[in-house]
Structures are given as structure tokens and as C-alpha cells.
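Engineer: Next up, entry-v3.tsv (TSV, C-alpha atoms).
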```
chain	number	residue	atom	x	y	z
Z	1	GLN	CA	121.79	92.57	190.64
Z	2	VAL	CA	118.40	91.18	191.58
Z	3	GLN	CA	115.76	91.99	189.01
Z	4	LEU	CA	112.08	91.09	189.20
Z	5	VAL	CA	109.69	91.83	186.36
Z	6	GLU	CA	105.97	91.22	186.70
Z	7	SER	CA	103.50	90.73	183.87
Z	8	GLY	CA	100.00	89.44	183.26
Z	9	GLY	CA	97.90	92.12	184.89
Z	10	GLY	CA	94.82	93.55	183.25
Z	11	SER	CA	91.15	94.34	183.58
Z	12	VAL	CA	88.55	91.64	184.17
Z	13	GLN	CA	85.00	91.39	185.41
Z	14	THR	CA	83.95	89.90	188.71
Z	15	GLY	CA	84.42	86.15	188.66
Z	16	GLY	CA	87.13	86.28	186.04
Z	17	SER	CA	90.67	84.93	186.20
Z	18	LEU	CA	94.17	86.22	185.61
Z	19	ARG	CA	97.60	84.67	185.84
Z	20	LEU	CA	100.44	86.88	186.96
Z	21	SER	CA	104.05	86.04	186.17
Z	22	CYS	CA	107.30	87.28	187.63
Z	23	ALA	CA	110.61	86.78	185.84
Z	24	ALA	CA	113.59	86.74	188.18
Z	25	SER	CA	117.24	87.27	187.34
Z	26	GLY	CA	120.54	88.30	188.86
Z	27	TYR	CA	120.61	85.87	191.78
Z	28	THR	CA	120.24	82.22	192.71
Z	29	TYR	CA	116.49	82.11	192.36
Z	30	SER	CA	116.01	78.66	193.83
Z	31	SER	CA	117.53	79.67	197.16
Z	32	TYR	CA	115.18	82.58	197.84
Z	33	TYR	CA	111.68	82.55	199.25
Z	34	MET	CA	109.24	84.36	196.99
Z	35	GLY	CA	106.03	86.21	197.57
Z	36	TRP	CA	103.23	88.22	196.00
Z	37	PHE	CA	102.02	91.44	197.55
Z	38	ARG	CA	99.41	93.98	196.52
Z	39	GLN	CA	98.58	97.60	197.22
Z	40	ALA	CA	95.30	99.30	196.51
Z	41	PRO	CA	95.00	103.10	196.31
Z	42	GLY	CA	94.97	104.61	199.78
Z	43	LYS	CA	95.77	101.33	201.47
Z	44	GLU	CA	98.88	99.73	202.86
Z	45	ARG	CA	100.73	97.06	200.92
Z	46	GLU	CA	99.53	93.63	202.01
Z	47	GLU	CA	100.98	90.19	201.55
Z	48	VAL	CA	98.95	87.91	199.31
Z	49	ALA	CA	100.96	84.71	199.30
Z	50	ARG	CA	104.44	83.31	199.85
Z	51	ILE	CA	106.19	80.15	198.75
Z	52	SER	CA	109.15	78.14	199.96
Z	53	THR	CA	112.30	77.65	197.92
Z	54	ARG	CA	111.19	74.37	196.36
Z	55	GLY	CA	107.53	75.25	196.25
Z	56	GLY	CA	106.40	72.66	198.73
Z	57	ILE	CA	105.03	75.13	201.25
Z	58	THR	CA	102.62	77.91	200.33
Z	59	ILE	CA	100.96	80.42	202.64
Z	60	TYR	CA	98.02	82.64	201.74
Z	61	ALA	CA	96.22	85.64	203.13
Z	62	ASP	CA	92.75	84.78	204.37
Z	63	SER	CA	91.21	87.06	201.77
Z	64	VAL	CA	92.56	85.03	198.84
Z	65	ARG	CA	92.84	81.49	200.19
Z	66	GLY	CA	90.95	79.08	197.96
Z	67	ARG	CA	90.91	81.51	195.02
Z	68	PHE	CA	94.59	82.25	194.39
Z	69	THR	CA	97.46	79.81	193.83
Z	70	ILE	CA	101.13	80.72	194.06
Z	71	SER	CA	103.67	78.55	192.27
Z	72	ARG	CA	107.24	78.70	191.05
Z	73	ASP	CA	109.41	77.16	188.36
Z	74	ASN	CA	112.99	77.05	189.53
Z	75	ALA	CA	114.24	75.78	186.17
Z	76	ASP	CA	113.02	78.94	184.45
Z	77	ASN	CA	113.35	81.38	187.37
Z	78	MET	CA	109.66	82.17	187.28
Z	79	LEU	CA	107.02	82.91	189.89
Z	80	TYR	CA	103.30	82.72	189.21
Z	81	LEU	CA	100.03	83.76	190.81
Z	82	GLN	CA	96.90	82.15	189.42
Z	83	MET	CA	93.92	84.27	190.46
Z	84	ASN	CA	90.42	82.85	190.08
Z	85	ASP	CA	86.98	84.13	191.04
Z	86	LEU	CA	88.28	87.67	191.16
Z	87	GLU	CA	86.39	90.31	193.12
Z	88	PRO	CA	86.46	94.12	192.92
Z	89	GLU	CA	88.28	94.07	196.28
Z	90	ASP	CA	91.21	92.38	194.50
Z	91	THR	CA	91.84	95.52	192.48
Z	92	ALA	CA	95.40	96.64	193.23
Z	93	MET	CA	98.94	96.88	191.99
Z	94	TYR	CA	100.52	93.45	192.41
Z	95	TYR	CA	104.20	93.05	193.21
Z	96	CYS	CA	106.45	90.03	193.39
Z	97	ALA	CA	109.18	90.02	195.99
Z	98	ALA	CA	112.21	87.93	196.88
Z	99	ALA	CA	113.53	87.08	200.32
Z	100	PRO	CA	117.02	85.74	200.91
Z	101	ASN	CA	117.24	83.36	203.81
Z	102	PRO	CA	120.79	83.35	205.20
Z	103	TYR	CA	119.71	82.08	208.64
Z	104	GLY	CA	117.62	79.17	207.47
Z	105	GLN	CA	114.28	80.39	208.79
Z	106	SER	CA	111.17	78.53	207.75
Z	107	VAL	CA	108.98	80.23	205.17
Z	108	SER	CA	106.17	80.50	207.72
Z	109	SER	CA	108.30	82.35	210.26
Z	110	LEU	CA	110.08	84.65	207.85
Z	111	PRO	CA	109.23	88.26	208.70
Z	112	ARG	CA	107.74	90.39	205.97
Z	113	GLN	CA	110.74	92.69	206.20
Z	114	ALA	CA	112.88	89.87	204.84
Z	115	PHE	CA	111.41	90.45	201.39
Z	116	ALA	CA	114.17	92.76	200.32
Z	117	TYR	CA	113.79	92.81	196.55
Z	118	TRP	CA	110.75	94.03	194.67
Z	119	GLY	CA	109.47	94.31	191.15
Z	120	GLN	CA	107.75	97.38	189.73
Z	121	GLY	CA	104.31	95.85	189.81
Z	122	THR	CA	101.48	94.95	187.46
Z	123	GLN	CA	97.99	96.44	187.73
Z	124	VAL	CA	94.93	94.26	188.27
Z	125	THR	CA	91.51	95.85	187.95
Z	126	VAL	CA	88.31	93.93	188.64
Z	127	SER	CA	85.02	95.54	187.72
Z	128	SER	CA	81.60	94.57	189.00
```
Can you turn what I pasted into C-alpha cells?

Structural biologist:
Amino acid sequence: QVQLVESGGGSVQTGGSLRLSCAASGYTYSSYYMGWFRQAPGKEREEVARISTRGGITIYADSVRGRFTISRDNADNMLYLQMNDLEPEDTAMYYCAAAPNPYGQSVSSLPRQAFAYWGQGTQVTVSS
């Protein structure tokens, strides 16, 4: 079955960097769209970034655009999120998610509900 395992979280100071990783298994990784989401205490889960199957198209939330970079390695079934210039507002549990695409929708039009598979998350804490 689909398994997603995140790693790389931790505690950093404002302006610091972290690189999150997500190891995927149990499915044809290269045929799924992938995304990163986060959830802070008391807040709803929000989408951070998503990436197309081959990595050529990436979409970011306004709050992270220019600071975060999503990427994928289809040879190793890995997803990454490089986070630079971190701010206290970035503090959250970060999750990777996989979206099958049986109807051939573009990554930009794929509804959030299509992300059907989730990891258990990795905590990121940014202190001022």
C-alpha cells in the first residue's frame, strides 16, 4: 500500500533553513502528483506547494513563494521541500501527500481533495 514517510524537520531560528524529505513506496511514484502541506496548532491544514509528475510544474502558496522550493526524484521515489529564510509563522507540522490522477487533470487544476495519501508529518519549529 501507499506509504509516505517524512523526515528533516527540526528547530531553527528565524532566517534559517531546513530541507524536508519524503520517502514514498507502495505505488508508481512517478505517476502521482505530490504536495507538501502544513498545519499549525489551532489552524486548518494548508497547502504549501505541489509538483507535477515529472517535476516540470511547481505551484506555491503565496506565503512561501520565493523562500521554499519543492522538488522530486522519481528515480529514488523521493520528494523534497527546501525551506529558506524561515519565519516563526512557518512553525507547523509538515506533511507530504500523494495524488493519483486517473483523469489526466493538470497539476494546477487538481482539487486539494485529490491528495488521498498522507504521511505522518515532521515538525518544524522556527524561533525568533

Engineer: Determine, counting only C-alpha atoms, which protein, DNA and RNA residues have an atom within 6 Å of an atom of region 95-110 of chain Z; residues of the same chain fewer than 2 positions away are not included. Present the result as a ChimeraX atom specification.

Structural biologist: /Z:32-38,52,114-119,121

Engineer: Between CA of Pro111 (chain Z) and CA of Leu18 (chain Z), what is the distance in Å, rounded to a tenth?

Structural biologist: 27.6 Å

Engineer: Please work out which residues fall within 9 Å of (110.5, 71.3, 193.9), coordinates as given in the file, with all atoms listed in the file counting, and return them as a PyMOL selection string.

Structural biologist: chain Z and resi 53-56+72-74

Engineer: Can you measure CA of Thr91 (chain Z) to CA of Ile57 (chain Z) for me? One decimal in Å is fine.

Structural biologist: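 Here the two named atoms are 25.8 Å from each other.
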
Engineer: For CA of Ile51 (chain Z) and CA of Gln120 (chain Z), quote the distance in Å rounded to one decimal.

Structural biologist: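 Going from CA of Ile51 (chain Z) over to CA of Gln120 (chain Z) covers 19.5 Å.
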
Engineer: Counting all atoms listed in the file, write as an NGL selection string all protein and nucleic acid residues lying at most 8 Å from (80.6, 88.4, 189.7) in the file's frame.

Structural biologist: :Z and (13-16 or 85-87 or 128)

Engineer: Find the residues near Arg67 (chain Z): any atom within 7 Å, counting only C-alpha atoms, skip ones fewer than 2 places away on the same chain, and give them as a PyMOL selection string.

Structural biologist: chain Z and resi 64-65+69+83-85

Engineer: Kindly indicate which residue among Z:Asn77, Z:Ser63, Z:Thr28, Z:Ser21 lies nearest to Gln1 (chain Z), using all atoms listed in the file for the distances.

Structural biologist: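 The answer is Z:Thr28, which sits nearest to Gln1 (chain Z).
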
Engineer: Using all atoms listed in the file, can you tell me which of Z:Arg19, Z:Arg112, Z:Arg50, Z:Arg45 comes closest to Met93 (chain Z)?

Structural biologist: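 Nearest to Met93 (chain Z): Z:Arg45.
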
Engineer: Point out the residue among Z:Val12, Z:Val5, Z:Ala75, Z:Ala92 with the least atom-to-atom distance to Val48 (chain Z), counting all atoms listed in the file.

Structural biologist: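 Comparing Z:Val12, Z:Val5, Z:Ala75, Z:Ala92 against Val48 (chain Z), the winner is Z:Ala92.
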
Engineer: Using all atoms of region 100-117 of chain Z that appear in the file, construct an axis-aligned enclosing box with 4 Å of padding on every side and provide its centre coordinates and edge lengths in Å, rounded to one decimal, as JSON.

Structural biologist:
```
{"center_x": 113.5, "center_y": 85.7, "center_z": 203.4, "size_x": 22.6, "size_y": 22.3, "size_z": 21.7}
```

Engineer: Can you take region 8-38 of chain Z from the block and write N, CA, C and O atoms as a CSV table (one decimal), in the first residue's frame?

Structural biologist:
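As written to disk, decode_36.csv reads:
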```csv
chain,number,residue,atom,x,y,z
Z,8,GLY,N,13.4,15.3,8.3
Z,8,GLY,CA,14.2,16.5,8.1
Z,8,GLY,C,13.7,17.7,8.9
Z,8,GLY,O,14.3,18.8,8.9
Z,9,GLY,N,12.6,17.5,9.7
Z,9,GLY,CA,12.1,18.6,10.5
Z,9,GLY,C,13.1,18.9,11.6
Z,9,GLY,O,14.0,18.2,11.9
Z,10,GLY,N,12.8,20.0,12.3
Z,10,GLY,CA,13.6,20.4,13.5
Z,10,GLY,C,13.3,21.8,13.9
Z,10,GLY,O,12.3,22.4,13.5
Z,11,SER,N,14.2,22.3,14.8
Z,11,SER,CA,14.1,23.6,15.3
Z,11,SER,C,15.2,24.5,14.8
Z,11,SER,O,16.4,24.2,14.8
Z,12,VAL,N,14.8,25.7,14.3
Z,12,VAL,CA,15.8,26.6,13.7
Z,12,VAL,C,15.4,28.0,14.2
Z,12,VAL,O,14.2,28.3,14.6
Z,13,GLN,N,16.3,29.0,14.0
Z,13,GLN,CA,16.0,30.4,14.3
Z,13,GLN,C,15.5,31.1,13.0
Z,13,GLN,O,15.7,30.6,11.9
Z,14,THR,N,14.9,32.2,13.2
Z,14,THR,CA,14.4,33.0,12.1
Z,14,THR,C,15.6,33.2,11.1
Z,14,THR,O,16.7,33.6,11.5
Z,15,GLY,N,15.2,33.0,9.8
Z,15,GLY,CA,16.2,33.2,8.8
Z,15,GLY,C,17.0,31.9,8.4
Z,15,GLY,O,17.7,31.9,7.5
Z,16,GLY,N,16.8,30.9,9.2
Z,16,GLY,CA,17.4,29.6,9.0
Z,16,GLY,C,16.8,28.8,7.8
Z,16,GLY,O,15.8,29.2,7.2
Z,17,SER,N,17.4,27.6,7.6
Z,17,SER,CA,16.9,26.8,6.5
Z,17,SER,C,16.8,25.4,7.0
Z,17,SER,O,17.5,24.9,7.9
Z,18,LEU,N,15.9,24.7,6.4
Z,18,LEU,CA,15.7,23.2,6.6
Z,18,LEU,C,15.3,22.6,5.2
Z,18,LEU,O,14.7,23.2,4.4
Z,19,ARG,N,15.7,21.3,5.1
Z,19,ARG,CA,15.2,20.6,3.9
Z,19,ARG,C,14.5,19.3,4.4
Z,19,ARG,O,15.0,18.5,5.1
Z,20,LEU,N,13.2,19.3,4.0
Z,20,LEU,CA,12.4,18.2,4.3
Z,20,LEU,C,12.4,17.1,3.2
Z,20,LEU,O,12.6,17.5,2.0
Z,21,SER,N,12.3,15.9,3.6
Z,21,SER,CA,12.3,14.8,2.7
Z,21,SER,C,11.1,13.9,2.9
Z,21,SER,O,10.6,13.8,4.0
Z,22,CYS,N,10.7,13.3,1.8
Z,22,CYS,CA,9.5,12.3,1.9
Z,22,CYS,C,9.9,11.1,1.1
Z,22,CYS,O,10.1,11.3,-0.1
Z,23,ALA,N,9.9,10.0,1.7
Z,23,ALA,CA,10.2,8.7,1.0
Z,23,ALA,C,8.9,8.0,0.7
Z,23,ALA,O,8.1,7.8,1.6
Z,24,ALA,N,8.7,7.7,-0.5
Z,24,ALA,CA,7.4,7.1,-1.0
Z,24,ALA,C,7.7,5.7,-1.4
Z,24,ALA,O,8.7,5.3,-1.9
Z,25,SER,N,6.7,4.8,-1.1
Z,25,SER,CA,6.7,3.4,-1.5
Z,25,SER,C,5.3,2.9,-1.7
Z,25,SER,O,4.4,3.5,-1.2
Z,26,GLY,N,5.3,1.7,-2.3
Z,26,GLY,CA,4.0,1.0,-2.4
Z,26,GLY,C,3.1,1.4,-3.6
Z,26,GLY,O,2.0,0.9,-3.8
Z,27,TYR,N,3.6,2.3,-4.5
Z,27,TYR,CA,2.9,2.7,-5.7
Z,27,TYR,C,3.8,3.2,-6.7
Z,27,TYR,O,5.0,3.3,-6.5
Z,28,THR,N,3.3,3.5,-7.9
Z,28,THR,CA,4.1,4.0,-9.0
Z,28,THR,C,4.3,5.5,-8.8
Z,28,THR,O,3.5,6.3,-9.2
Z,29,TYR,N,5.3,5.8,-8.1
Z,29,TYR,CA,5.6,7.2,-7.6
Z,29,TYR,C,5.5,8.2,-8.8
Z,29,TYR,O,4.9,9.3,-8.6
Z,30,SER,N,6.1,7.9,-9.9
Z,30,SER,CA,6.3,8.8,-10.9
Z,30,SER,C,5.0,9.2,-11.6
Z,30,SER,O,4.9,10.2,-12.4
Z,31,SER,N,3.9,8.5,-11.3
Z,31,SER,CA,2.6,8.8,-12.0
Z,31,SER,C,1.7,9.6,-11.1
Z,31,SER,O,0.6,9.9,-11.5
Z,32,TYR,N,2.1,9.9,-9.9
Z,32,TYR,CA,1.3,10.7,-8.9
Z,32,TYR,C,1.8,12.1,-8.8
Z,32,TYR,O,3.0,12.3,-8.8
Z,33,TYR,N,0.9,13.0,-8.7
Z,33,TYR,CA,1.3,14.4,-8.3
Z,33,TYR,C,1.6,14.3,-6.8
Z,33,TYR,O,1.1,13.5,-6.0
Z,34,MET,N,2.5,15.2,-6.4
Z,34,MET,CA,2.9,15.2,-5.0
Z,34,MET,C,2.8,16.6,-4.4
Z,34,MET,O,2.8,17.6,-5.1
Z,35,GLY,N,2.6,16.7,-3.1
Z,35,GLY,CA,2.5,18.0,-2.5
Z,35,GLY,C,3.0,18.0,-1.0
Z,35,GLY,O,3.1,17.0,-0.4
Z,36,TRP,N,3.2,19.2,-0.6
Z,36,TRP,CA,3.5,19.5,0.8
Z,36,TRP,C,2.4,20.3,1.4
Z,36,TRP,O,2.0,21.3,0.8
Z,37,PHE,N,2.0,19.9,2.6
Z,37,PHE,CA,1.0,20.7,3.4
Z,37,PHE,C,1.6,20.9,4.8
Z,37,PHE,O,2.5,20.3,5.2
Z,38,ARG,N,0.9,21.9,5.5
Z,38,ARG,CA,1.3,22.1,6.9
Z,38,ARG,C,0.1,22.5,7.7
Z,38,ARG,O,-0.9,23.0,7.2
```
